[in-house]
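A.B. asks: Here it is, the structure, as structure tokens.
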Amino acid sequence: MSMPSEERSLTYSAAILEATDQEMKANSKVVVFGIGVDDFKGTYGTTMKLAEKYGADRCWDTPLSEDAMTGVAIGMAMAGLRPIHVHIRMDFVLLAMNQLINIAAKARYMYGGQVSCPVIIRAVIGRSWGQGAQHSQSLYPLFMHCPGLRVLAPATPYDAKGLLLQSLRQQDPVLFIEHRLLHGQKGPVPEAPYAAPFGKARVIAEGRDLTLVGVSYATVDCLRARALLKKEGIDAEVIDVASLKPLDTRTILDSAAKTGRLLVVDSGWTFCGAGAEILAQASERFQDGKPLKTGRLGFAPVNCPTTQNLERAFYPDAAKIAAASFELVRGERREWPVVETAAEVLNFKGPF
Amino acid sequence: MSMPSEERSLTYSAAILEATDQEMKANSKVVVFGIGVDDFKGTYGTTMKLAEKYGADRCWDTPLSEDAMTGVAIGMAMAGLRPIHVHIRMDFVLLAMNQLINIAAKARYMYGGQVSCPVIIRAVIGRSWGQGAQHSQSLYPLFMHCPGLRVLAPATPYDAKGLLLQSLRQQDPVLFIEHRLLHGQKGPVPEAPYAAPFGKARVIAEGRDLTLVGVSYATVDCLRARALLKKEGIDAEVIDVASLKPLDTRTILDSAAKTGRLLVVDSGWTFCGAGAEILAQASERFQDGKPLKTGRLGFAPVNCPTTQNLERAFYPDAAKIAAASFELVRGERREWPVVETAAEVLNFKGPF
Amino acid sequence: MVSEPELIPRLYRSLYRIRRVEEEVARLYPSDKIKSPVHLSIGQEAVAVGVCDPLRRDDVLFGTYRDHATYLAKGGDLRRMMAELYGKATGCAKGKGGSMHLIDLSVGAMGASAIVGTTIPHAVGYSWSLRYEKKDSIVVSMFGDGAVDEGAFHESLNFAGVKKLPVLFVCENNYYAIHSHHLTRHASDNLCERARTYGMPAERVEQNDVLAIRERVAAAVDSLRRTGKGPHFIECMTYRFKEHVGPNEDYQHGFRPKAEAEPWMKGDPVKTLAEQVPAADRVTIEREVEAQVQDAIDFAEKSPYPDLKELYTDVYAE
Amino acid sequence: MVSEPELIPRLYRSLYRIRRVEEEVARLYPSDKIKSPVHLSIGQEAVAVGVCDPLRRDDVLFGTYRDHATYLAKGGDLRRMMAELYGKATGCAKGKGGSMHLIDLSVGAMGASAIVGTTIPHAVGYSWSLRYEKKDSIVVSMFGDGAVDEGAFHESLNFAGVKKLPVLFVCENNYYAIHSHHLTRHASDNLCERARTYGMPAERVEQNDVLAIRERVAAAVDSLRRTGKGPHFIECMTYRFKEHVGPNEDYQHGFRPKAEAEPWMKGDPVKTLAEQVPAADRVTIEREVEAQVQDAIDFAEKSPYPDLKELYTDVYAE
Ligand SMILES: Cc1ncc(C[n+]2csc(CCOP(=O)(O)OP(=O)(O)O)c2C)c(N)n1
Ligand SMILES: Cc1ncc(C[n+]2csc(CCOP(=O)(O)OP(=O)(O)O)c2C)c(N)n1
Ligand SMILES: [Mg+2]
Ligand SMILES: [Mg+2]
């Protein structure tokens with residue numbers, strides 16, 4: 001990926017840990033909490049040993065009280081702290097919607113600009129291993145819809161660190177979305193602290209024939225699809241959306257204007273999803289001239305099943321992206337043989 | 001509106017009351033509950049005197065416990081009842097998201113088709129009178145996004161009755177959205193019970209030049225805008241979307257194909273909203289030939305302010321719809337003088 | 001019983017001021033200048049005043065949409081409150097929040113919320129921060145008997161009990177949530193017992209009496225501030241004289257009999273305390289308050305509405 | 001103490017069967033044939049068995065993702081359970097639910113949920129319906145000590161107490177929620193006191209002893225069914241021998257010492273009861289159970305995976 005060239009490489013989870021660690025060191029107002037953040041698993045490694053290093057006041061376990069703990073985070077932020085509330089599954093955030101949407105997203109506005117709520121909600125999208133309908137949702141469009149929230153979905157270790165640091169240095173509530181299968185992915189990460197910008201999509205591979213936009217983990221599959229398409233002489237540009245709100249539709253639509261074809265791959269359902277918003281903006285922008293060819297992929301419009309063959313059919317993957325791309329470019333259907341499922345999917349055995 | 005011609009006319013709230021009453025009479029399994037459903041205001045009249053008529057077991061007040069009461073409704077539905085859980089404000093449903101999305105929407109699927117959850121969640125979108133950010137949200141895209149739910153937003157008394165009766169006779173969880181300013185609107189409503197179909201958009205006024213799609217109360221403003229546009233020689237077709245999930249994009253896109261111009265007016269924010277989904281589907285469908293001119297209107301992308309001048313600017317209205325339509329049709333901007341605010345807005349004094 | 005000589009006049013000033021402000025709000029309401037749902041505390045003022053009097057300016061209070069009394073008792077600016085009700089740019093939330101979201105950070109009157117129960121965990125989180133930063137301020141969380149039904153109440157008290165936080169929970173039990181009596185929502189009249197199970201002392205003040213409330217709160221606040229022993233719960237029994245929302249009465253609707261209200265009206269906390277204030281002081285206080293109230297109304301009337309571009313500000317920080 | 005002669009063999013059969021099923025699940029797990037997170041009840045079986053034995057088939061139980069024991073104890077079909085863990089079309093949820101969502105409506109084993117606390121209000125709502133329809137079945141809601149932290153617990157018990165519903169709440173207190181001890185999440189060890197404040201009797205069974213649990217549950221169920229006096233709460237102290245999720249132990253990670261587990265292992269409910277079963281009966285029971293377990297595994301192994309079109313069914317009714 002076209003990240004700043006760096007020798008140093010870290011996993012995505014190590015990048016999150018590093019950002020947290022560095023900012024906790026620099027700023028005593030940063031406090032991390034959530035179910036299990038201080039245990040021996042350390043939230044998939046992302047909070048490992050922070051309690052030992054910074055003390056039980058800086059990194060602590062909570063009761064199973066997602067609603068109130070979100071409110072507690074808001075109260076802490078109102079008092080000037082920098083709370084990071086961690087959820088091992090995005091699905092649990094549904095218990096915190098009232099605090100997030102009725103308070104965090106609105107506090108600044110309804111109190112006339114006097115109150116900041118810079119809470120960071122880290123939420124992990126689950127996948128694989130038969131976790132089923134209640135542990136596999138992404139739900140980010142629910143948050144994109146509501147003004148007042150920032151919604152980030154880094155796809156690379158570089159952005160995981162940079163966007164988390166940036167989140168800790170700005171004044172708005174952030175929903176910080178991690179995909180469980182990204183945690184083990186490696187990539188270049190500079191050691192010194194750095195902030196990556198919100199509202200900036202990343203063109204991670206250039207191409208002429210088609211624009212592929214990936215959200216979160218789908219970006220990885222877009223890159224794989226690009227390799228498949230290359231063999232057919234199709235040259236795909238791949239964009240990692242990275243920041244869902246603000247959403248950098250300018251970069252995306254400029255690319256689409258260049259390639260004439262736009263396929264958005266959500267790591268979630270497509271109905272009223274990120275792809276819907278992007279295609280709607282494309283439709284509003286390209287009102288004249290040659291129409292843009294567009295498409296969306298994402299989860300099947302069903303709940304996530306547990307058994308493996310159905311689960312595989314549920315998710316978008318490189319083969320499906322390649323097939324949809326081929327159709328947009330060549331106007332005909334071509335199926336890819338079921339691509340060997342990606343290693344991070346095959347090897348995933350938990351921790352849950 | 002092109003409803004079945006009928007002498008009899010009812011308000012929207014009376015239509016909801018009538019549907020509930022008729023089905024409670026026909027089916028002892030129908031039970032209504034929610035904060036204040038049995039009080040002297042009777043949820044804006046929609047549940048008036050049902051407790052007296054059918055007994056305290058059929059229509060009852062609840063503690064302020066939106067999360068558990070939604071779970072209670074689900075348990076009742078699993079036991080074969082037909083619960084209707086009423087929220088005087090949509091905003092409170094944010095406390096019930098876990099039960100609605102993690103359970104009601106998934107029960108059938110994750111239990112392999114054995115469990116039905118026909119709960120009906122009636123939720124009222126607030127507006128006017130300085131209610132502010134926490135009492136003016138519509139939030140329907142949050143529910144449209146998730147498979148397993150039905151989302152209805154009747155705009156007419158006819159559909160309010162017909163869609164509620166249909167909801168009570170089918171087997172899926174329904175989010176039934178009412179707009180507070182619709183409650184007082186009158187329209188034809190046959191007395192005998194009837195079911196209106198899900199997944200069917202209603203063409204309520206025909207036209208050649210432009211397709212206006214309204215969601216919930218926005219439909220009323222679309223009709224007003226149509227009258228304004230008529231004076232300019234622009235002939236708008238108006239579609240009341242009525243059912244958001246399933247969403248009848250076929251009717252909408254067929255109309256758009258005819259007029260070549262599509263403006264969707266959400267009664268809510270537009271980002272990842274109903275308009276986004278409709279425009280995205282339009283973009284996917286119209287890949288060749290003359291591009292469709294499209295646009296979206298909805299709430300300003302901010303939280304709802306309380307003071308009147310800002311509140312007026314926050315909402316879409318007939319003038320704004322007319323101006324956006326004019327631009328789509330004529331390619332140039334034309335402002336309408338601020339139209340006298342509609343009577344139902346001006347006269348609204350609560351009850352809260 | 002505290003015996004500072006200025007105590008009673010000071011409390012009376014606060015009580016009378018709140019009462020008069022709300023009476024004026026009720027009087028103005030039909031003119032439609034205040035386009036915002038108002039939840040009046042008329043009859044309940046003793047709770048806000050008794051709770052806030054022992055607090056320091058740097059103590060913090062989180063309340064509910066029924067927030068006029070708490071905002072004023074905590075020292076919130078009256079002019080900016082009135083302007084907020086009028087939806088003016090000079091309002092305490094620039095006209096964007098209205099009656100239900102009054103805020104004055106300079107005196108620790110934190111913004112209120114229209115969603116029942118939501119500010120309870122904010123108070124808890126704020127108190128966590130105060131202790132973390134080794135400050136000796138404390139936090140008060142005020143809520144109604146309806147908020148007790150919500151899961152947030154349970155989760156918040158549980159967490160505060162586990163962490164032994166410097167937060168005082170005050171349940172303003174006026175018997176009703178809108179039109180619903182608290183014994184139709186709770187199996188028995190035992191909120192203090194519930195609170196105790198979370199590991200905190202709990203007590204109930206029956207009398208709607210500002211001095212009694214003040215005394216208990218002062219003791220609790222003192223202990224919170226000094227001992228670090230953790231949260232405290234006080235239930236104040238009180239009664240709302242007006243309808244749930246709006247300027248009128250609601251006895252005619254039959255859900256609560258006027259007879260139920262009468263003893264409370266007889267013990268009206270403002271009138272009761274008035275009798276204890278030396279006559280001369282009382283005249284001065286009332287005159288000064290009247291002037292302040294009129295000044296605030298004038299201020300609100302004369303202030304401009306916000307500029308239209310304000311619609312788009314304050315959504316995000318930059 | 002109940003004295004039917006078949007009681008002890010019957011309970012032993014149920015305990016032993018659950019234990020053996022889960023041991024097989026643990027044994028098979030590394031083969032990756034079960035691709036689903038398994039939360040084993042090994043060590044806790046006495047609770048499920050003691051609770052379910054006094055229930056009728058038409059009584060209904062709502063449990064948690066740690067549901068193998070409750071599903072089997074309530075009479076859920078073993079073959080279909082094993083097929084579900086294997087993700088087969090013959091599974092009790094057609095392979096769409098996995099280990100955390102076992103269901104067998106024919107015996108009142110209602111579907112379980114992976115979200116902590118969510119089924120508590122379902123049990124309450126179900127019990128409302130039973131009373132409304134004048135049935136004499138009752139509902140059991142089982143949940144862990146972690147679920148008690150959730151707002152849903154409070155809201156559900158409060159409502160059940162107000163409405164006096166025929167529901168038995170059973171808190172399976174194994175001291176931990178994942179790796180978090182209950183006294184780090186609750187200010188004191190007093191869940192029964194909390195339950196009582198909602199207007200219901202509450203009692204605690206310390207021993208992880210199937211007979212003691214069964215006796216208290218039988219009495220409670222009898223009262224629920226006959227008297228209409230409303231809900232009942234029982235806290236059963238127990239201990240999980242394995243890790244939170246998965247087939248292994250977790251003592252090496254240091255968050256709970258093996259020494260803490262040892263008394264519980266000494267009192268292993270399966271082994272303890274085994275000693276009370278006449279030797280000949282025991283041999284028969286164990287032989288029969290082994291055959292059933294093997295049969296269920298064979299059934300699961302041989303069953304087909306669901307057809308791909310199953311992906312799209314069961315989202316909506318039609
Ligand atoms: C979560 C939520 N549910 C319902 C409502 C509607 N509502 C507004 S005020 C109120 C009553 C609250 O009663 P209580 O807490 O006793 O406060 P009081 O009004 O008596 O001061 C209700 C139910 C709400 N605002 N928020
Ligand atoms: C609402 C929610 N929060 C967090 C989790 C993550 N989680 C899964 S199991 C569990 C522990 C539950 O403990 P307890 O209720 O005691 O049941 P046990 O596992 O001990 O049987 C947690 C925190 C979840 N599934 N749901
Ligand atoms: Mg009250
Ligand atoms: Mg436990």
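By order in the structure tokens, chains are A, B, ...; within a chain, residues start at 1; ligands start at 1, following the order shown.
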Please build the interface table for chain B against ligand 1 with a cut-off of 10 Å, listing for each qualifying residue the nearest atom pair and the distance in Å to one decimal; count only C-alpha atoms and all ligand atoms, order rows by chain and increasing number, and write it as a Markdown table.

C.D. replies:
| residue | atom | partner | partner_atom_place_in_ligand_line | distance |
| --- | --- | --- | --- | --- |
| B:Gly34 | CA | ligand 1 | 4 (C) | 9.4 |
| B:Ile35 | CA | ligand 1 | 23 (C) | 6.3 |
| B:Gly36 | CA | ligand 1 | 23 (C) | 7.9 |
| B:Thr62 | CA | ligand 1 | 23 (C) | 9.4 |
| B:Pro63 | CA | ligand 1 | 23 (C) | 8.2 |
| B:Leu64 | CA | ligand 1 | 3 (N) | 5.5 |
| B:Ser65 | CA | ligand 1 | 3 (N) | 7.4 |
| B:Glu66 | CA | ligand 1 | 1 (C) | 6.9 |
| B:Asp67 | CA | ligand 1 | 1 (C) | 9.4 |
| B:His87 | CA | ligand 1 | 4 (C) | 7.8 |
| B:Ile88 | CA | ligand 1 | 6 (C) | 7.1 |
| B:Arg89 | CA | ligand 1 | 6 (C) | 7.5 |
| B:Met90 | CA | ligand 1 | 3 (N) | 10.0 |
| B:Asp91 | CA | ligand 1 | 26 (N) | 8.1 |
| B:Phe92 | CA | ligand 1 | 1 (C) | 5.2 |
| B:Val93 | CA | ligand 1 | 1 (C) | 8.4 |
| B:Leu94 | CA | ligand 1 | 1 (C) | 8.8 |
| B:Leu95 | CA | ligand 1 | 1 (C) | 7.1 |
| B:Ala96 | CA | ligand 1 | 1 (C) | 9.8 |
| B:Gln134 | CA | ligand 1 | 25 (N) | 8.7 |
| B:His135 | CA | ligand 1 | 25 (N) | 8.3 |
| B:Phe352 | CA | ligand 1 | 8 (C) | 9.2 |

A.B. asks: Write down, as a ChimeraX atom specification, each residue of chain A that has any atom within 8 Å of an atom of chain B, counting only C-alpha atoms.

C.D. replies: /A:91-92,94-98,101-102,106,109-110,132-134,141-142,144-148,269-281,283-284,286-295,301-303,305

A.B. asks: As a VMD selection string, please: every protein or nucleic acid residue near ligand 4 (cut-off 12 Å, counting only C-alpha atoms and all ligand atoms).

C.D. replies: (chain A and resid 63 to 64) or (chain D and resid 39 to 41 44 64 to 66 116 to 117 142 to 149 171 to 183 185 235 to 241 243 to 245)

A.B. asks: Between B:Leu17, B:Met78, B:Met24, B:Ala242, single out the one closest to chain D, counting only C-alpha atoms.

C.D. replies: B:Met78

A.B. asks: Report the residues of region 75-250 of chain C whose backbone DSSP state falls under strand (DSSP E or B), written as a ChimeraX atom specification.

C.D. replies: /C:104,109,113,139-144,167-173,176-177,180-181,202-205,232-237

A.B. asks: Excluding Lys164 (chain D) and residues on its chain fewer than 4 positions from it, collect all residues at most 9 Å away from it, counting only C-alpha atoms, and give them as a ChimeraX atom specification.

C.D. replies: /C:187 /D:159-160,199-200,228-231

A.B. asks: What would the file look like if the residues just selected were written as a PDB file, in the first residue's frame with all heavy atoms?

C.D. replies:
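File part.pdb, as written:
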ATOM      1  N   ALA C 187     -42.852  -1.618  42.694  1.00  0.00           N
ATOM      2  CA  ALA C 187     -43.660  -2.535  43.505  1.00  0.00           C
ATOM      3  C   ALA C 187     -43.855  -2.004  44.909  1.00  0.00           C
ATOM      4  O   ALA C 187     -44.880  -2.252  45.531  1.00  0.00           O
ATOM      5  CB  ALA C 187     -43.026  -3.921  43.541  1.00  0.00           C
TER       6      ALA C 187
ATOM      7  N   PHE D 159     -40.347  -4.422  36.542  1.00  0.00           N
ATOM      8  CA  PHE D 159     -41.641  -4.626  35.881  1.00  0.00           C
ATOM      9  C   PHE D 159     -42.315  -5.908  36.375  1.00  0.00           C
ATOM     10  O   PHE D 159     -43.514  -5.926  36.664  1.00  0.00           O
ATOM     11  CB  PHE D 159     -41.441  -4.647  34.363  1.00  0.00           C
ATOM     12  CG  PHE D 159     -42.714  -4.838  33.599  1.00  0.00           C
ATOM     13  CD1 PHE D 159     -43.630  -3.807  33.477  1.00  0.00           C
ATOM     14  CD2 PHE D 159     -43.003  -6.060  33.005  1.00  0.00           C
ATOM     15  CE1 PHE D 159     -44.814  -3.985  32.764  1.00  0.00           C
ATOM     16  CE2 PHE D 159     -44.180  -6.245  32.290  1.00  0.00           C
ATOM     17  CZ  PHE D 159     -45.087  -5.204  32.179  1.00  0.00           C
ATOM     18  N   ALA D 160     -41.530  -6.972  36.485  1.00  0.00           N
ATOM     19  CA  ALA D 160     -42.096  -8.243  36.955  1.00  0.00           C
ATOM     20  C   ALA D 160     -42.658  -8.089  38.364  1.00  0.00           C
ATOM     21  O   ALA D 160     -43.705  -8.658  38.694  1.00  0.00           O
ATOM     22  CB  ALA D 160     -41.041  -9.338  36.913  1.00  0.00           C
ATOM     23  N   GLY D 199     -39.659  -6.285  45.188  1.00  0.00           N
ATOM     24  CA  GLY D 199     -40.908  -6.873  45.664  1.00  0.00           C
ATOM     25  C   GLY D 199     -41.022  -8.357  45.402  1.00  0.00           C
ATOM     26  O   GLY D 199     -42.107  -8.828  45.030  1.00  0.00           O
ATOM     27  N   MET D 200     -39.943  -9.074  45.579  1.00  0.00           N
ATOM     28  CA  MET D 200     -40.048 -10.526  45.397  1.00  0.00           C
ATOM     29  C   MET D 200     -39.162 -11.216  46.431  1.00  0.00           C
ATOM     30  O   MET D 200     -38.148 -10.667  46.841  1.00  0.00           O
ATOM     31  CB  MET D 200     -39.632 -10.933  43.983  1.00  0.00           C
ATOM     32  CG  MET D 200     -38.181 -10.652  43.625  1.00  0.00           C
ATOM     33  SD  MET D 200     -37.839 -10.930  41.864  1.00  0.00           S
ATOM     34  CE  MET D 200     -38.507  -9.432  41.119  1.00  0.00           C
ATOM     35  N   GLY D 228     -50.042 -17.040  42.331  1.00  0.00           N
ATOM     36  CA  GLY D 228     -50.106 -15.755  41.659  1.00  0.00           C
ATOM     37  C   GLY D 228     -49.485 -14.630  42.459  1.00  0.00           C
ATOM     38  O   GLY D 228     -49.765 -13.458  42.237  1.00  0.00           O
ATOM     39  N   LYS D 229     -48.611 -14.987  43.409  1.00  0.00           N
ATOM     40  CA  LYS D 229     -48.020 -13.942  44.259  1.00  0.00           C
ATOM     41  C   LYS D 229     -46.892 -13.185  43.579  1.00  0.00           C
ATOM     42  O   LYS D 229     -46.347 -12.243  44.145  1.00  0.00           O
ATOM     43  CB  LYS D 229     -47.492 -14.556  45.553  1.00  0.00           C
ATOM     44  CG  LYS D 229     -48.574 -14.742  46.612  1.00  0.00           C
ATOM     45  CD  LYS D 229     -47.930 -14.893  47.995  1.00  0.00           C
ATOM     46  CE  LYS D 229     -48.845 -15.591  48.963  1.00  0.00           C
ATOM     47  NZ  LYS D 229     -48.166 -16.633  49.742  1.00  0.00           N
ATOM     48  N   GLY D 230     -46.521 -13.646  42.424  1.00  0.00           N
ATOM     49  CA  GLY D 230     -45.509 -12.881  41.692  1.00  0.00           C
ATOM     50  C   GLY D 230     -44.154 -13.529  41.724  1.00  0.00           C
ATOM     51  O   GLY D 230     -43.991 -14.633  42.235  1.00  0.00           O
ATOM     52  N   PRO D 231     -43.183 -12.825  41.167  1.00  0.00           N
ATOM     53  CA  PRO D 231     -41.895 -13.430  40.846  1.00  0.00           C
ATOM     54  C   PRO D 231     -41.088 -13.856  42.061  1.00  0.00           C
ATOM     55  O   PRO D 231     -41.363 -13.468  43.200  1.00  0.00           O
ATOM     56  CB  PRO D 231     -41.168 -12.320  40.091  1.00  0.00           C
ATOM     57  CG  PRO D 231     -41.836 -11.061  40.479  1.00  0.00           C
ATOM     58  CD  PRO D 231     -43.253 -11.413  40.789  1.00  0.00           C
TER      59      PRO D 231
END

A.B. asks: Any idea which chain C residues end up within 9 Å of chain A if we count only C-alpha atoms, as JSON, numbers by chain please?

C.D. replies: {"C": [91, 92, 93, 94, 95, 96, 97, 98, 101, 102, 103, 105, 111, 112, 113, 115, 118, 119, 120, 121, 122, 123, 124, 125, 126, 127, 128, 129, 130, 132, 133, 151, 152, 153, 154, 155, 156, 158, 159, 313, 314, 315, 316, 317, 318]}

A.B. asks: Leaving out Ala153 (chain B) and any residue of its chain fewer than 5 positions from it, which residues lie within 6 Å of it when counting only C-alpha atoms, given as a list in words?

C.D. replies: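 Result of the neighbour search: Ile177, Ser216, Ala242 and Ser243 of chain B.
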
A.B. asks: Go through D:Thr90, D:Gln292, D:Ser14, D:Thr70 one by one, measure the shortest atom-to-atom distance of each to ligand 2 using only C-alpha atoms and all ligand atoms, and give the residue with the smallest value.

C.D. replies: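 Using only C-alpha atoms and all ligand atoms, ligand 2 sits closest to D:Thr70.
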